[in-house]
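Beneath this line is the structure, given in structure tokens, with notes to follow.
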Amino acid sequence: SCSVAWMLRKLTTCLFVCLFASVEASGEIALCKTGFPEDVYSAVLSQDVHEGQPLLNVKFSNCNGKRKVQYESSEPADFKVDEDGMVYAVRSFPLSSEHAKFLIYAQDKETQEKWQVAVKLSLKPTLPEDSVKESPEIEEIVFPRQATKHNGHLQRQKRDWVIPPINLPENSRGPFPQELVRIRSDRDKNLSLRYSVTGPGADQPPTGIFIINPISGQLSVTKPLDRELIARFHLRAHAVDINGNQVENPIDIVINVIDMNDNRPEFLHQVWNGTVPEGSKPGTYVMTVTAIDADDPNALNGMLRYRILSQAPSTPSPNMFTINNETGDIITVAAGLDREKVQQYTLIIQATDMEGNPTYGLSNTATAVITVTDVNDNPPEFTAMTFYGEVPENRVDVIVANLTVTDKDQPHTPAWNAAYRISGGDPTGRFAIQTDPNSNDGLVTVVKPIDFETNRMFVLTVAAENQVPLAKGIQHPPQSTATVSVTVIDVNENPYFAPNPKIIRQEEGLHAGTMLTTFTAQDPDRYMQQNIRYTKLSDPANWLKIDPVNGQITTIAVLDRESPNVKNNIYNATFLASDNGIPPMSGTGTLQIYLLDINDNAPQVLPQEAETCETPDPNSINITALDYDIDPNAGPFAFDLPLSPVTIKRNWTITRLNGDFAQLNLKIKFLEAGIYEVPIIITDSGNPPKSNISILRVKVCQCDSNGDCTDVDRIVGAGLGTGAIIAILLCIIILLILVLMFVVWMKRRDKERQAKQLLIDPEDDVRDNILKYDEEGGGEEDQDYDLSQLQQPDTVEPDAIKPVGIRRLDERPIHAEPQYPVRSAAPHPGDIGDFINEGLKAADNDPTAPPYDSLLVFDYEGSGSTAGSLSSLNSSSSGGEQDYDYLNDWGPRFKKLADMYGGGDD
């Protein structure tokens with residue numbers, strides 16, 4: 001039968017080729033048609049679609065062979081088409097009617113011409129379990145024939161078919177390797193072929209699961225499969241000759257792993273939490289529990305069923321809940337859920353596969369914790385029928401009474417929180433009730449001041465209810481009521497002025513001692529016998545006084561509207577009223593005096609200084625008047641020049657521009673530059689009017705073509721008065737004096753440095769010389785010198801006395817200096833006394849010598865101490881006639897000498 005069929009196919013092919021050749025020779029349309037050869041492609045699947053699964057192969061007829069076709073799916077999210085026409089699944093999904101049919105498009109990349117074909121997918125009916133058993137005969141898969149050329153033309157061949165998948169159960173016990181199918185090519189009769197398979201499971205990870213005999217083409221599996229790891233294998237079979245050349249197009253082989261019940265159901269959570277309101281009716285949804293099974297969910301191995309194993313507690317009924325065995329939805333089946341009795345239920349839930357078959361199914365359990373939530377089925381109830389409180393008058397935001405309630409609902413929920421309201425006894429809204437969020441008590445507070453003289457007691461009716469209404473079907477009343485008795489306590493209140501402020505109108509200029517008004521306060525405490533006394537609290541200008549008993553206000557100074565203490569014609573004074581209560585209270589009141597203007601201020605010229613040119617043109621002076629009074633005692637003003645001195649009207653003229661402005665101009669053609677004082681008579685419009693002669697200082701200067709002053713005296717004319725000029729000159733003089741004092745101080749410091757030098761010759765200074773001796777002796781004792789002459793004589797020669805009044809100066813005198821005695825190279829001991837006396841005389845007569853004993857240098861030391869201390873030597877002026885107090889003026893360097901010589905007898 002196979003050979004007959006093959007002969008029929010060959011005959012049909014030949015007939016088509018002949019027909020095609022004859023048509024082409026006659027010039028008619030050829031039989032080859034570009035596009036899909038079929039209108040609909042169908043594929044039957046054994047199970048739902050999985051990602052990467054090859055579904056079928058579509059072919060496109062390309063007659064001229066030059067078209068470049070691109071494939072596209074109408075459902076790109078679900079299916080894709082390779083360049084060879086193989087259709088794959090993009091994702092895994094259960095096959096349904098919406099995925100059962102889609103379109104494949106083929107578009108020419110150059111001409112954009114487009115063709116389409118429909119694809120239909122369907123599931124193969126489920127076979128009995130025995131059908132998956134291995135067949136004793138190995139199925140043979142033959143490579144499809146390739147198109148061959150006949151007389152230079154391609155023969156038409158039947159399109160490629162999709163090889164049905166191979167079903168292989170998981171967890172097979174072997175023996176392994178287990179033969180699956182044999183792959184063969186028709187060309188193995190003429191050629192020596194080699195077979196191989198590629199893809200995941202063969203030469204790609206996981207490798208080595210499937211092997212093929214390269215000679216016989218026998219495909220085998222080497223170990224048990226696990227559907228939960230890989231549910232489908234997609235392999236490709238290849239046939240090549242001994243040289244490795246491909247002799248057949250690869251064919252796709254799909255191996256489906258058949259599921260076995262080798263996994264227990266697993267709950268997504270071991271503990272499930274749900275809630276249900278108390279009092280719920282039967283059939284109320286509570287929660288859903290879910291378990292999953294790794295086995296095939298479309299087979300009995302993965303079909304789960306749920307049931308409740310136990311309920312704790314079992315009150316009021318052991319079967320308060322039920323569960324949907326397929327969906328896992330838990331619902332109530334009995335009434336009587338009461339949170340105040342049972343707040344939580346614990347259910348043990350079981351899930352079993354094999355559709356709940358207790359014999360063959362695998363099971364697992366989880367815990368469902370159902371919390372009964374509170375509803376408002378208990379209203380609040382007052383703990384007493386009457387509450388009491390008291391409040392001082394005029395106090396606000398104070399707690400008067402504390403209202404307490406009880407509620408059996410869950411604390412701190414809307415069903416427990418109480419809301420209070422005043423239903424009676426407070427028509428003016430002086431009280432309010434706030435809820436304490438912690439204790440749920442009602443706090444009665446005063447929100448408006450209460451006057452004891454008006455109300456001494458309040459009896460309030462209050463109601464308490466929950467924030468949410470009671471649940472339906474509750475027989476209790478929705479609220480509870482009680483009364484609150486509030487007593488008002490009388491306190492001493494502040495006296496108050498009425499009206500406050502008090503406004504009076506009065507003309508300014510009122511003389512001292514005039515009684516203005518009576519400003520009294522009232523005491524709101526009608527039930528207290530109290531006296532009020534008045535004092536002045538604020539009087540900026542010190543114009544007023546108030547009688548402390550009757551409150552009469554009298555002036556003590558003249559009222560002046562133009563005072564800086566008056567703002568917008570109003571003068572404010574504040575007074576204090578104090579009572580003699582316990583404790584004493586006081587209140588303030590303001591008296592506002594609106595002062596009416598009188599014409600008590602004469603106008604003045606404005607501005608007071610101006611400048612103009614020596615000639616009338618090109619400018620003039622615009623002036624106005626300044627009047628501290630207001631209308632009608634101010635403008636319009638009248639401007640005029642006085643008759644004397646006569647030079648005013650001879651040199652100047654004034655012209656009134658309007659009621660407030662006038663213009664002053666030169667009347668003569670030329671006026672010498674300088675400062676001129678022009679008196680101007682200004683008269684206001686008061687009744688009677690007031691006049692004043694104001695002096696306008698005018699600077700007349702040389703001007704340029706623009707009318708601007710150009711002389712150097714402009715600064716004076718611009719407003720520098722005599723005082724400013726004197727101040728500038730004084731600053732210059734002070735600066736010069738400071739410079740001169742600095743120079744003198746520098747010279748004086750240089751001379752002080754010179755005066756510090758010793759008066760003796762530096763060569764004779766014992767501090768700078770080292771005396772050498774040819775031999776060492778026994779000191780002073782081996783010197784045969786008469787040292788008696790070293791003692792200071794008791795009497796001093798009269799000519800050694802220094803003239804009175806001669807003091808040391810910082811600079812050397814111009815007259816010749818005294819000649820000091822010259823010491824011989826080898827003095828004789830007998831000459832020592834004479835030499836010292838002559839030196840003392842020369843030092844006393846030397847005005848440049850320092851005011852202390854001169855340091856004299858000797859070539860030798862005396863023997864012994866017969867001469868005594870050298871401090872006994874003194875000059876002829878050391879007897880007290882000399883005044884050394886001026887040493888204190890020479891600075892800190894001479895302070896020691898001043899202490900020694902200027903200290904007096906002590």
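To be explicit about the labels: the chains of the structure tokens are called A, B, and onward in the order shown, and within each one the residues are counted from 1, while ligands get numbers from 1 in the order they are shown.
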
Find the residues near Gln663 in chain A: any atom within 9 Å, counting only C-alpha atoms, skip ones fewer than 4 places away on the same chain, and give them as a ChimeraX atom specification. /A:620-624,653-657

Extract, using only C-alpha atoms, all DNA, RNA and protein residues at most 9 Å from range 283-291 of chain A, discarding same-chain residues fewer than 4 positions from it, and format them as a PyMOL selection string. chain A and resi 265-269+272-276+304+306+321+323+327-334+349+351+364+366+368+370

Could you write out, as a PyMOL selection string, all the residues of range 258-485 of chain A that DSSP marks as strand (DSSP E or B)? chain A and resi 258+266-267+271-277+285-288+291-292+305-312+321-323+329-332+344-352+363-373+381-382+386-392+399-403+405-406+418-424+431-435+442-446+457-466+480-485

Straight-line distance linking CA of Ser691 in chain A with CA of Gly674 in chain A, stated in Å to one decimal: 28.4 Å

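By chain and then residue number, the residues within 7 Å of Thr406 in chain A are Pro380, Glu381, Phe382 and Thr383 of chain A, counting only C-alpha atoms and disregarding those fewer than 3 positions away in sequence.
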
Write the residues you've just listed into a file as a PDB file, in the first residue's frame, and include N, CA and C atoms for each of them.
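Printed below is result.pdb as written:
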```pdb
ATOM      1  N   PRO A 380     -23.433  53.465  75.200  1.00  0.00           N
ATOM      2  CA  PRO A 380     -22.825  53.920  76.468  1.00  0.00           C
ATOM      3  C   PRO A 380     -23.903  54.213  77.510  1.00  0.00           C
ATOM      4  N   GLU A 381     -23.562  54.000  78.776  1.00  0.00           N
ATOM      5  CA  GLU A 381     -24.496  54.225  79.878  1.00  0.00           C
ATOM      6  C   GLU A 381     -23.804  55.048  80.959  1.00  0.00           C
ATOM      7  N   PHE A 382     -24.479  56.145  81.409  1.00  0.00           N
ATOM      8  CA  PHE A 382     -23.934  56.985  82.481  1.00  0.00           C
ATOM      9  C   PHE A 382     -23.867  56.195  83.775  1.00  0.00           C
ATOM     10  N   THR A 383     -22.804  56.450  84.539  1.00  0.00           N
ATOM     11  CA  THR A 383     -22.655  55.778  85.832  1.00  0.00           C
ATOM     12  C   THR A 383     -23.483  56.438  86.930  1.00  0.00           C
TER      13      THR A 383
END
```

Residues at most 9 Å from Thr588 in chain A, counting only C-alpha atoms, excluding those fewer than 2 positions away in the same chain, as a list in words? Pro495, Tyr496, Phe497, Asn500, Ala521, Leu537, Thr574, Phe575, Leu576, Ala577, Ser578, Ser586 and Thr590 of chain A

Excluding Lys667 in chain A and its own-chain neighbours fewer than 6 positions away, which residues fall within 10 Å of it when counting only C-alpha atoms? Please give them as a PyMOL selection string. chain A and resi 615-616+648-654

Residues near range 632-643 of chain A, cut-off 6 Å, only C-alpha atoms, skip fewer than 5 positions along chain, as a PyMOL selection string: chain A and resi 599+627+659-660+680-686

Next, dump the selected residues to file, keeping only N, CA, C and O atoms, as a short mmCIF file (atom, residue, chain, number, x, y, z; two decimals), in the first residue's frame.
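Final output, saved to selection.cif:
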```
data_model
loop_
_atom_site.label_atom_id
_atom_site.label_comp_id
_atom_site.auth_asym_id
_atom_site.auth_seq_id
_atom_site.Cartn_x
_atom_site.Cartn_y
_atom_site.Cartn_z
N ASN A 599 -6.79 130.22 65.26
CA ASN A 599 -5.70 130.86 64.52
C ASN A 599 -4.68 131.41 65.51
O ASN A 599 -4.66 132.60 65.83
N ASP A 627 2.24 127.12 57.69
CA ASP A 627 1.33 127.51 58.77
C ASP A 627 0.91 126.24 59.50
O ASP A 627 0.40 125.30 58.87
N GLY A 659 -3.25 131.04 45.89
CA GLY A 659 -3.48 131.22 47.32
C GLY A 659 -2.36 130.71 48.18
O GLY A 659 -2.26 131.12 49.34
N ASP A 660 -1.49 129.89 47.65
CA ASP A 660 -0.44 129.30 48.47
C ASP A 660 0.96 129.65 47.99
O ASP A 660 1.92 129.46 48.75
N ILE A 680 9.63 139.29 54.24
CA ILE A 680 8.38 139.09 53.49
C ILE A 680 7.24 139.04 54.49
O ILE A 680 7.31 138.32 55.50
N ILE A 681 6.19 139.81 54.24
CA ILE A 681 5.00 139.83 55.10
C ILE A 681 4.02 138.80 54.54
O ILE A 681 3.61 138.88 53.38
N ILE A 682 3.64 137.83 55.40
CA ILE A 682 2.70 136.78 55.00
C ILE A 682 1.52 136.84 55.95
O ILE A 682 1.69 136.86 57.18
N THR A 683 0.32 136.84 55.40
CA THR A 683 -0.92 136.93 56.18
C THR A 683 -1.80 135.75 55.82
O THR A 683 -1.98 135.43 54.62
N ASP A 684 -2.32 135.03 56.88
CA ASP A 684 -3.18 133.86 56.60
C ASP A 684 -4.63 134.31 56.47
O ASP A 684 -4.93 135.51 56.48
N SER A 685 -5.55 133.34 56.39
CA SER A 685 -6.97 133.63 56.16
C SER A 685 -7.80 133.42 57.40
O SER A 685 -9.02 133.21 57.31
N GLY A 686 -7.17 133.42 58.59
CA GLY A 686 -7.93 133.21 59.80
C GLY A 686 -8.85 134.38 60.13
O GLY A 686 -8.83 135.44 59.49
#
```

Surrounding residues of Asn550 in chain A excluding itself and chain neighbours under 5 positions, 8 Å, only C-alpha atoms, as a PyMOL selection string: chain A and resi 518+520+533-534
